[in-house]
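Participant: Just passing along the structure, written as structure tokens.
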Protein chains: 2
Amino acid sequence: MEFRNVIRNRLDGKNSDEELRLVAQGAADGSVPDYQLSAWLMAAYCRPLSIDETAALTVAMANSGQRIDLTGLPRPWVDKHSTGGVGDKTSLVVLPLLAACGITIVKMSGRGLGITGGTVDKLESIPGFRMDLTPEEMKAQAKEIGIAITGQSQDLAPADKALYAIRDVTATVDSIPLIVSSILSKKIAGGAEIVVLDVKCGSGAFMTNLERASELAQALVLIGNRAGLSTHAVITDMSQPLGRAVGNILEVREAVEILTGGIGRFAELCVALAAHTLVAAGKAADSDEATRLARETLSSGRAADEAKQWFRTQGATLDVFNDRLPEAPIKLVVNNTFGNGWVEQVDASVVGKTVVALGGGRENKSDTIDPLVGVECLKHVADTVQEGEPLFVVHASTEKAAQAACANLLSAISVSSRSVPEPPLILNTYG
Amino acid sequence: MEFRNVIRNRLDGKNSDEELRLVAQGAADGSVPDYQLSAWLMAAYCRPLSIDETAALTVAMANSGQRIDLTGLPRPWVDKHSTGGVGDKTSLVVLPLLAACGITIVKMSGRGLGITGGTVDKLESIPGFRMDLTPEEMKAQAKEIGIAITGQSQDLAPADKALYAIRDVTATVDSIPLIVSSILSKKIAGGAEIVVLDVKCGSGAFMTNLERASELAQALVLIGNRAGLSTHAVITDMSQPLGRAVGNILEVREAVEILTGGIGRFAELCVALAAHTLVAAGKAADSDEATRLARETLSSGRAADEAKQWFRTQGATLDVFNDRLPEAPIKLVVNNTFGNGWVEQVDASVVGKTVVALGGGRENKSDTIDPLVGVECLKHVADTVQEGEPLFVVHASTEKAAQAACANLLSAISVSSRSVPEPPLILNTYG
């Protein structure tokens with residue numbers, strides 16, 4: 001089959017399953033040149049794939065490399081995925097919580113790009129932590145302790161890696177069928193049979209409005225189920241940073257706090273997502289029972305024990321639960337200059353960009369990051385605030401970078417003289 | 001400027017002149033990778049360039065390499081271009097005719113691809129003929145004898161060469177703004193100030209219906225004039241092969257016949273196109289005067305003398321006007337088996353494909369061609385025909401290829417028991 005015809009058929013709005021397999025296989029093994037893949041991706045951007053086509057492409061991408069076969073491990077095999085946000089360290093809490101409830105967790109995670117962080121970067125900020133487990137090591141570790149996470153490699157869904165690299169530089173990232181196939185192909189290749197997707201919505205997320213987030217969530221559920229994966233989606237608020245910390249090691253520290261009894265909005269989100277997953281996985285009859293189980297798993301310390309075992313097994317040479325974590329050399333407090341009142345906004349996008357500028361995130365995929373820098377957000381929307389009270393703590397590598405961050409952060413916040421309602425945590429659920 | 005943003009702006013329907021210069025320059029010097037150019041081309045296919053944008057891209061492509069400056073040569077400086085058809089050897093007759101009328105002809109020609117032949121291939125079938133003149137050689141020869149033609153090189157409009165190579169393999173050839181910029185950028189780079197475009201329409205052409213051909217012709221005239229080139233377009237019939245011969249050396253022979261007194265439908269088209277150009281170039285007051293001048297230039301032998309001088313000057317080692325031309329080893333006559341009647345159809349597409357299959361054309365750009373093979377079409381639409389009368393003569397390199405060609409050719413023709421009107425030669429003119 002000439003690939004030119006695959007492109008032409010995309011322009012005519014119809015690709016066969018065989019053609020979609022050629023796209024995935026050609027991307028994975030390099031047999032279709034980048035300039036033809038790029039033309040096909042742009043044609044797919046302009047003439048979007050149907051539900052059936054997206055499901056077929058997803059399966060073809062999952063089959064483009066190895067697929068982890070979890071046969072023999074306790075079921076269900078579950079993955080939880082976030083579309084990415086500012087300060088989103090949910091996986092670090094929810095995954096060990098779920099594993100502690102007897103669910104097998106096997107997951108491929110991504111690196112951060114732009115304002116959205118990545119679980120790989122957060123875990124790699126722990127000295128010694130290995131994010132390069134092979135499929136065989138993944139299965140062996142999951143068998144041993146119920147949980148294993150790896151970064152993206154050439155082994156699993158290599159078609160996604162190749163196609164995403166092209167989409168990134170050709171303005172074709174923002175296409176729901178392409179986003180869906182990218183996310184779900186990795187879940188299928190990773191061995192999951194149930195997946196819970198946290199679709200972030202707001203200025204700190206890829207989807208900035210509820211309409212687009214809902215469109216993505218519904219497409220994920222529909223196509224995931226069509227592709228044979230029990231798929232559930234939760235749209236959650238990402239208009240302000242999630243929790244206190246934004247920046248890699250700072251987020252690990254906050255996750256440890258939640259695993260060891262911390263409370264607040266971020267802890268509530270972890271409980272809600274865990275509860276949603278426990279119902280989906282058949283570990284609780286309904287949301288109330290699941291919520292109780294999630295809280296109890298946290299408060300009893302079983303989630304923390306699971307996390308400790310996980311980090312140690314996966315190579316951590318620092319005990320993040322007991323040892324002192326490394327810190328950035330400069331810390332600068334940003335105080336409130338807006339008078340007394342209620343916090344009206346903490347713009348997640350501005351905070352995210354500030355952390356990227358500090359060196360804690362990537363502008364481009366090849367950038368290296370500084371795991372120690374970041375921002376602590378001490379106030380959230382609806383909190384009361386006094387003139388002169390601390391709003392942020394900047395963790396920086398240089399005094400100059402810290403000063404620049406301070407100026408940015410003041411533009412992220414607004415204070416109202418009237419009380420402000422707390423925004424909802426969960427905006428919608430599907431599946 | 002990040003090229004990703006140039007692509008994004010194309011998707012939003014608007015590129016600045018500076019961005020279009022970046023497309024052309026990036027294609028010409030390789031500074032924008034193929035996969036990004038390919039994404040931009042597909043975005044331009046789906047979100048077509050406006051008239052102004054196409055004019056800006058055309059000029060940018062013309063400026064991507066050298067531009068031949070004809071200052072000092074007799075004006076006007078004219079190019080005549082065909083969008084390509086089956087048996088279209090018009091340039092071989094019309095160009096020396098125009099040069100004999102005192103017009104300076106400088107032209108960059110293309111090779112054939114698919115069923116449409118190319119002037120470069122036809123002229124190269126003459127032993128010794130050079131199609132690799134440099135811009136400096138072009139100007140010197142045009143100064144000496146009034147006419148010079150070269151093939152596409154890295155010197156002139158290199159952006160077009162690079163962009164066309166990508167379009168060819170990414171199903172983005174069929175976009176009017178991209179076609180227009182490709183054609184006109186080469187005319188501008190070649191030094192022309194007036195151009196006459198022969199837009200072929202019918203089964204043997206790229207534009208198979210009059211609506212699309214008219215759209216292309218109008219766009220060419222509008223954009224050419226916007227880009228500073230006096231542009232004229234003539235839509236001509238390409239539903240049946242043009243003239244008798246299809247195949248490279250066979251077409252040279254037919255051109256020589258017309259230059260030395262041959263008559264018929266093809267000769268009439270040459271006169272009409274030459275007359276149109278003479279009016280555009282200010283060498284005749286109106287169509288009637290121009291037609292008389294064109295006929296007289298042919299019948300007086302002045303066009304033939306100009307052609308002889310041209311071929312010799314440009315390296316021909318064979319005198320195609322006097323020497324015996326080389327021939328293919330196998331000749332096979334295809335006789336009429338459809339009974340007595342009138343020829344209703346000679347499908348140019350079928351004849352064109354037959355010649356490609358004989359080795360006289362290219363399926364892919366890298367194919368080599370056999371200059372001697374081809375088909376002579378002895379009958380045209382509206383001709384009477386008797387049972388058993390010869391319809392075609394196949395010129396082939398092997399007996400097997402000749403037999404296969406015969407079978408194909410019979411499917412090209414249909415005979416009616418009623419008389420059939422002769423189809424018009426010229427379907428429309430613009431500019």
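Please note that chains go A, B, ... in the order of the structure tokens, that every chain numbers its residues from 1, and that ligands are numbered from 1 in the order shown.
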Set the cut-off to 7 Å and count only C-alpha atoms: what are the residues of chain B that reach chain A? Output as a PyMOL selection string.
Facilitator: chain B and resi 4+7-8+34-36+38-39+42-43+46+169-171
Participant: Give me the residues within 10 Å of Ile126 of chain B as number ranges by chain, counting only C-alpha atoms and dropping any in the same chain fewer than 4 places off.
Facilitator: B: 121-122, 130, 248-249, 252, 311, 315-320, 325-326, 371
Participant: Only all heavy atoms, please: the residues just picked out, written as a tab-separated table (two decimals), in the first residue's frame.
Facilitator:
chain	number	residue	atom	x	y	z
B	121	ASP	N	11.85	16.08	-21.25
B	121	ASP	CA	12.03	14.72	-21.78
B	121	ASP	C	11.98	14.71	-23.31
B	121	ASP	O	12.75	14.00	-23.96
B	121	ASP	CB	10.95	13.79	-21.24
B	121	ASP	CG	11.00	13.67	-19.73
B	121	ASP	OD1	12.12	13.61	-19.19
B	121	ASP	OD2	9.93	13.64	-19.11
B	122	LYS	N	11.06	15.49	-23.86
B	122	LYS	CA	10.92	15.50	-25.33
B	122	LYS	C	12.21	16.03	-25.97
B	122	LYS	O	12.77	15.43	-26.89
B	122	LYS	CB	9.72	16.35	-25.73
B	122	LYS	CG	8.38	15.78	-25.21
B	122	LYS	CD	7.18	16.62	-25.65
B	122	LYS	CE	6.07	16.68	-24.60
B	122	LYS	NZ	5.25	15.51	-24.44
B	130	ARG	N	21.04	19.78	-24.54
B	130	ARG	CA	21.36	20.08	-23.13
B	130	ARG	C	20.19	20.77	-22.45
B	130	ARG	O	19.74	21.83	-22.88
B	130	ARG	CB	22.56	21.04	-23.06
B	130	ARG	CG	23.91	20.40	-23.26
B	130	ARG	CD	24.98	21.47	-23.03
B	130	ARG	NE	24.88	22.01	-21.67
B	130	ARG	CZ	25.35	23.20	-21.31
B	130	ARG	NH1	25.96	23.97	-22.19
B	130	ARG	NH2	25.22	23.62	-20.06
B	248	ASN	N	8.26	10.50	-26.69
B	248	ASN	CA	9.15	11.64	-26.78
B	248	ASN	C	9.70	11.94	-28.17
B	248	ASN	O	9.43	13.00	-28.74
B	248	ASN	CB	10.24	11.48	-25.72
B	248	ASN	CG	9.60	11.53	-24.33
B	248	ASN	OD1	9.21	12.58	-23.88
B	248	ASN	ND2	9.44	10.37	-23.69
B	249	ILE	N	10.44	10.98	-28.77
B	249	ILE	CA	11.02	11.32	-30.07
B	249	ILE	C	9.94	11.41	-31.14
B	249	ILE	O	10.05	12.18	-32.10
B	249	ILE	CB	12.15	10.33	-30.47
B	249	ILE	CG1	13.01	10.96	-31.60
B	249	ILE	CG2	11.58	9.00	-30.94
B	249	ILE	CD1	14.45	11.02	-31.28
B	252	VAL	N	8.77	14.90	-31.11
B	252	VAL	CA	9.72	15.81	-31.76
B	252	VAL	C	9.50	15.75	-33.28
B	252	VAL	O	9.45	16.77	-33.96
B	252	VAL	CB	11.18	15.41	-31.41
B	252	VAL	CG1	12.17	16.19	-32.28
B	252	VAL	CG2	11.45	15.66	-29.93
B	311	PHE	N	17.92	24.36	-31.62
B	311	PHE	CA	18.34	22.99	-31.29
B	311	PHE	C	19.86	22.86	-31.40
B	311	PHE	O	20.51	22.29	-30.52
B	311	PHE	CB	17.65	21.98	-32.22
B	311	PHE	CG	16.15	21.86	-32.03
B	311	PHE	CD1	15.39	21.04	-32.87
B	311	PHE	CD2	15.48	22.55	-31.01
B	311	PHE	CE1	14.01	20.92	-32.70
B	311	PHE	CE2	14.10	22.43	-30.85
B	311	PHE	CZ	13.36	21.62	-31.70
B	315	GLY	N	22.94	22.29	-28.33
B	315	GLY	CA	23.73	21.07	-28.24
B	315	GLY	C	23.30	19.89	-29.07
B	315	GLY	O	23.99	18.84	-29.07
B	316	ALA	N	22.17	19.97	-29.80
B	316	ALA	CA	21.71	18.81	-30.56
B	316	ALA	C	22.78	18.35	-31.54
B	316	ALA	O	23.32	19.16	-32.30
B	316	ALA	CB	20.42	19.15	-31.31
B	317	THR	N	23.08	17.04	-31.52
B	317	THR	CA	24.09	16.50	-32.43
B	317	THR	C	23.42	15.82	-33.62
B	317	THR	O	24.08	15.35	-34.55
B	317	THR	CB	25.00	15.49	-31.71
B	317	THR	OG1	24.17	14.52	-31.05
B	317	THR	CG2	25.88	16.17	-30.69
B	318	LEU	N	22.09	15.76	-33.57
B	318	LEU	CA	21.32	15.18	-34.67
B	318	LEU	C	20.48	16.30	-35.26
B	318	LEU	O	19.88	17.08	-34.52
B	318	LEU	CB	20.42	14.07	-34.11
B	318	LEU	CG	19.60	13.26	-35.11
B	318	LEU	CD1	20.46	12.16	-35.73
B	318	LEU	CD2	18.39	12.63	-34.42
B	319	ASP	N	20.44	16.39	-36.60
B	319	ASP	CA	19.61	17.41	-37.25
B	319	ASP	C	18.23	16.82	-37.46
B	319	ASP	O	18.00	16.06	-38.43
B	319	ASP	CB	20.23	17.83	-38.58
B	319	ASP	CG	19.35	18.85	-39.32
B	319	ASP	OD1	18.24	19.17	-38.82
B	319	ASP	OD2	19.77	19.30	-40.40
B	320	VAL	N	17.32	17.13	-36.56
B	320	VAL	CA	16.00	16.47	-36.60
B	320	VAL	C	15.17	16.93	-37.80
B	320	VAL	O	14.13	16.33	-38.09
B	320	VAL	CB	15.20	16.70	-35.29
B	320	VAL	CG1	15.89	16.02	-34.12
B	320	VAL	CG2	14.98	18.18	-35.01
B	325	LEU	N	15.50	9.97	-37.79
B	325	LEU	CA	15.46	9.87	-36.32
B	325	LEU	C	15.52	8.40	-35.90
B	325	LEU	O	15.03	7.52	-36.62
B	325	LEU	CB	14.17	10.49	-35.78
B	325	LEU	CG	13.93	11.97	-36.10
B	325	LEU	CD1	12.76	12.50	-35.28
B	325	LEU	CD2	15.18	12.79	-35.81
B	326	PRO	N	16.12	8.12	-34.76
B	326	PRO	CA	16.13	6.74	-34.26
B	326	PRO	C	14.70	6.26	-33.98
B	326	PRO	O	13.81	7.07	-33.69
B	326	PRO	CB	16.94	6.83	-32.96
B	326	PRO	CG	16.98	8.27	-32.60
B	326	PRO	CD	16.80	9.05	-33.86
B	371	PRO	N	13.16	7.03	-24.77
B	371	PRO	CA	12.69	8.14	-25.62
B	371	PRO	C	12.05	7.68	-26.93
B	371	PRO	O	11.38	8.46	-27.58
B	371	PRO	CB	13.98	8.94	-25.90
B	371	PRO	CG	15.09	7.98	-25.68
B	371	PRO	CD	14.63	7.02	-24.63
Participant: List as number ranges by chain the protein and nucleic acid residues near Ala294 of chain A, meaning an atom at most 9 Å away when only C-alpha atoms are counted, but skip any in the same chain fewer than 5 places from it.
Facilitator: A: 97-98, 101, 270-272, 274-275, 278, 289, 299
Participant: Would you mind exporting the chosen residues as a PDB file, in the first residue's frame, restricted to C-alpha atoms?
Facilitator:
ATOM      1  CA  LEU A  97      -3.411   3.762  48.145  1.00  0.00           C
ATOM      2  CA  LEU A  98      -5.012   1.585  45.467  1.00  0.00           C
ATOM      3  CA  CYS A 101      -6.370  -2.095  48.607  1.00  0.00           C
ATOM      4  CA  CYS A 270      -6.931  12.013  46.210  1.00  0.00           C
ATOM      5  CA  VAL A 271      -9.720  10.376  48.236  1.00  0.00           C
ATOM      6  CA  ALA A 272     -12.316  11.145  45.562  1.00  0.00           C
ATOM      7  CA  ALA A 274      -9.253   6.693  44.731  1.00  0.00           C
ATOM      8  CA  ALA A 275     -12.912   6.101  45.633  1.00  0.00           C
ATOM      9  CA  LEU A 278     -12.253   1.467  43.882  1.00  0.00           C
ATOM     10  CA  GLU A 289     -18.248   2.654  50.841  1.00  0.00           C
ATOM     11  CA  SER A 299      -5.388   7.090  57.928  1.00  0.00           C
TER      12      SER A 299
END
Participant: Give the strand (DSSP E or B) residues of segment 226-430 of chain A, as assigned by DSSP on the backbone, as a ChimeraX atom specification.
Facilitator: /A:230-237,245-246,330-335,341-346,374-377,384-385,390-396,413-416,426-430
Participant: Pick from A:Gln66, A:Ala284, A:Asn336, A:Val373: nearest to Ser397 of chain A, with only C-alpha atoms counted?
Facilitator: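 Of the candidates, the smallest distance to Ser397 of chain A is held by A:Val373.
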Participant: Neighbours of Val343 of chain B within 12 Å (only C-alpha atoms; same-chain residues fewer than 2 positions away dropped), as a ChimeraX atom specification?
Facilitator: /B:240,336,338-341,345-347,377-387,391,412-423
Participant: So how far away is atom CA of Pro96 of chain A from atom CA of Ala307 of chain A, in Å?
Facilitator: 5.2 Å
Participant: Please give the complete set of residues from segment 246-279 of chain A that DSSP, run on the backbone, assigns to helix (DSSP H, G or I), formatted as a VMD selection string.
Facilitator: chain A and resid 248 to 259 265 to 279
Participant: For Lys283 of chain B, which residue out of B:Gln403, B:Thr104, B:Asn322, B:Ser182 is the nearest one, using only C-alpha atoms?
Facilitator: B:Thr104
Participant: Could you pull the residues within 6 Å of Asp79 of chain A, counting only C-alpha atoms, minus those fewer than 6 positions along the same chain, as a ChimeraX atom specification?
Facilitator: /A:105,107,192,195
Participant: Filtering to all heavy atoms, could you give me those residues as a compact mmCIF listing (two decimals), in the first residue's frame?
Facilitator:
# COMPACT_ATOMS: atom_id res chain seq x y z
N ILE A 105 -1.35 -2.33 40.16
CA ILE A 105 -1.13 -1.07 39.44
C ILE A 105 0.11 -1.19 38.57
O ILE A 105 1.22 -1.40 39.07
CB ILE A 105 -0.90 0.09 40.44
CG1 ILE A 105 -2.11 0.27 41.37
CG2 ILE A 105 -0.56 1.38 39.71
CD1 ILE A 105 -3.32 0.89 40.73
N LYS A 107 1.82 1.01 35.31
CA LYS A 107 1.58 2.29 34.66
C LYS A 107 2.82 2.79 33.94
O LYS A 107 3.93 2.69 34.45
CB LYS A 107 1.18 3.29 35.75
CG LYS A 107 0.92 4.70 35.25
CD LYS A 107 0.39 5.56 36.39
CE LYS A 107 0.46 7.02 35.98
NZ LYS A 107 -0.31 7.30 34.77
N ALA A 192 -3.13 -2.62 31.49
CA ALA A 192 -4.33 -2.32 32.29
C ALA A 192 -5.58 -2.89 31.64
O ALA A 192 -5.67 -3.03 30.41
CB ALA A 192 -4.48 -0.81 32.44
N VAL A 195 -9.15 1.65 33.49
CA VAL A 195 -8.39 2.89 33.61
C VAL A 195 -9.32 4.01 34.08
O VAL A 195 -10.46 4.13 33.64
CB VAL A 195 -7.67 3.23 32.28
CG1 VAL A 195 -8.64 3.46 31.14
CG2 VAL A 195 -6.79 4.47 32.44
Participant: Distance atom CA of Met138 of chain A-atom CA of Val120 of chain A, one decimal place?
Facilitator: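 Between these atoms lies a distance of 14.8 Å.
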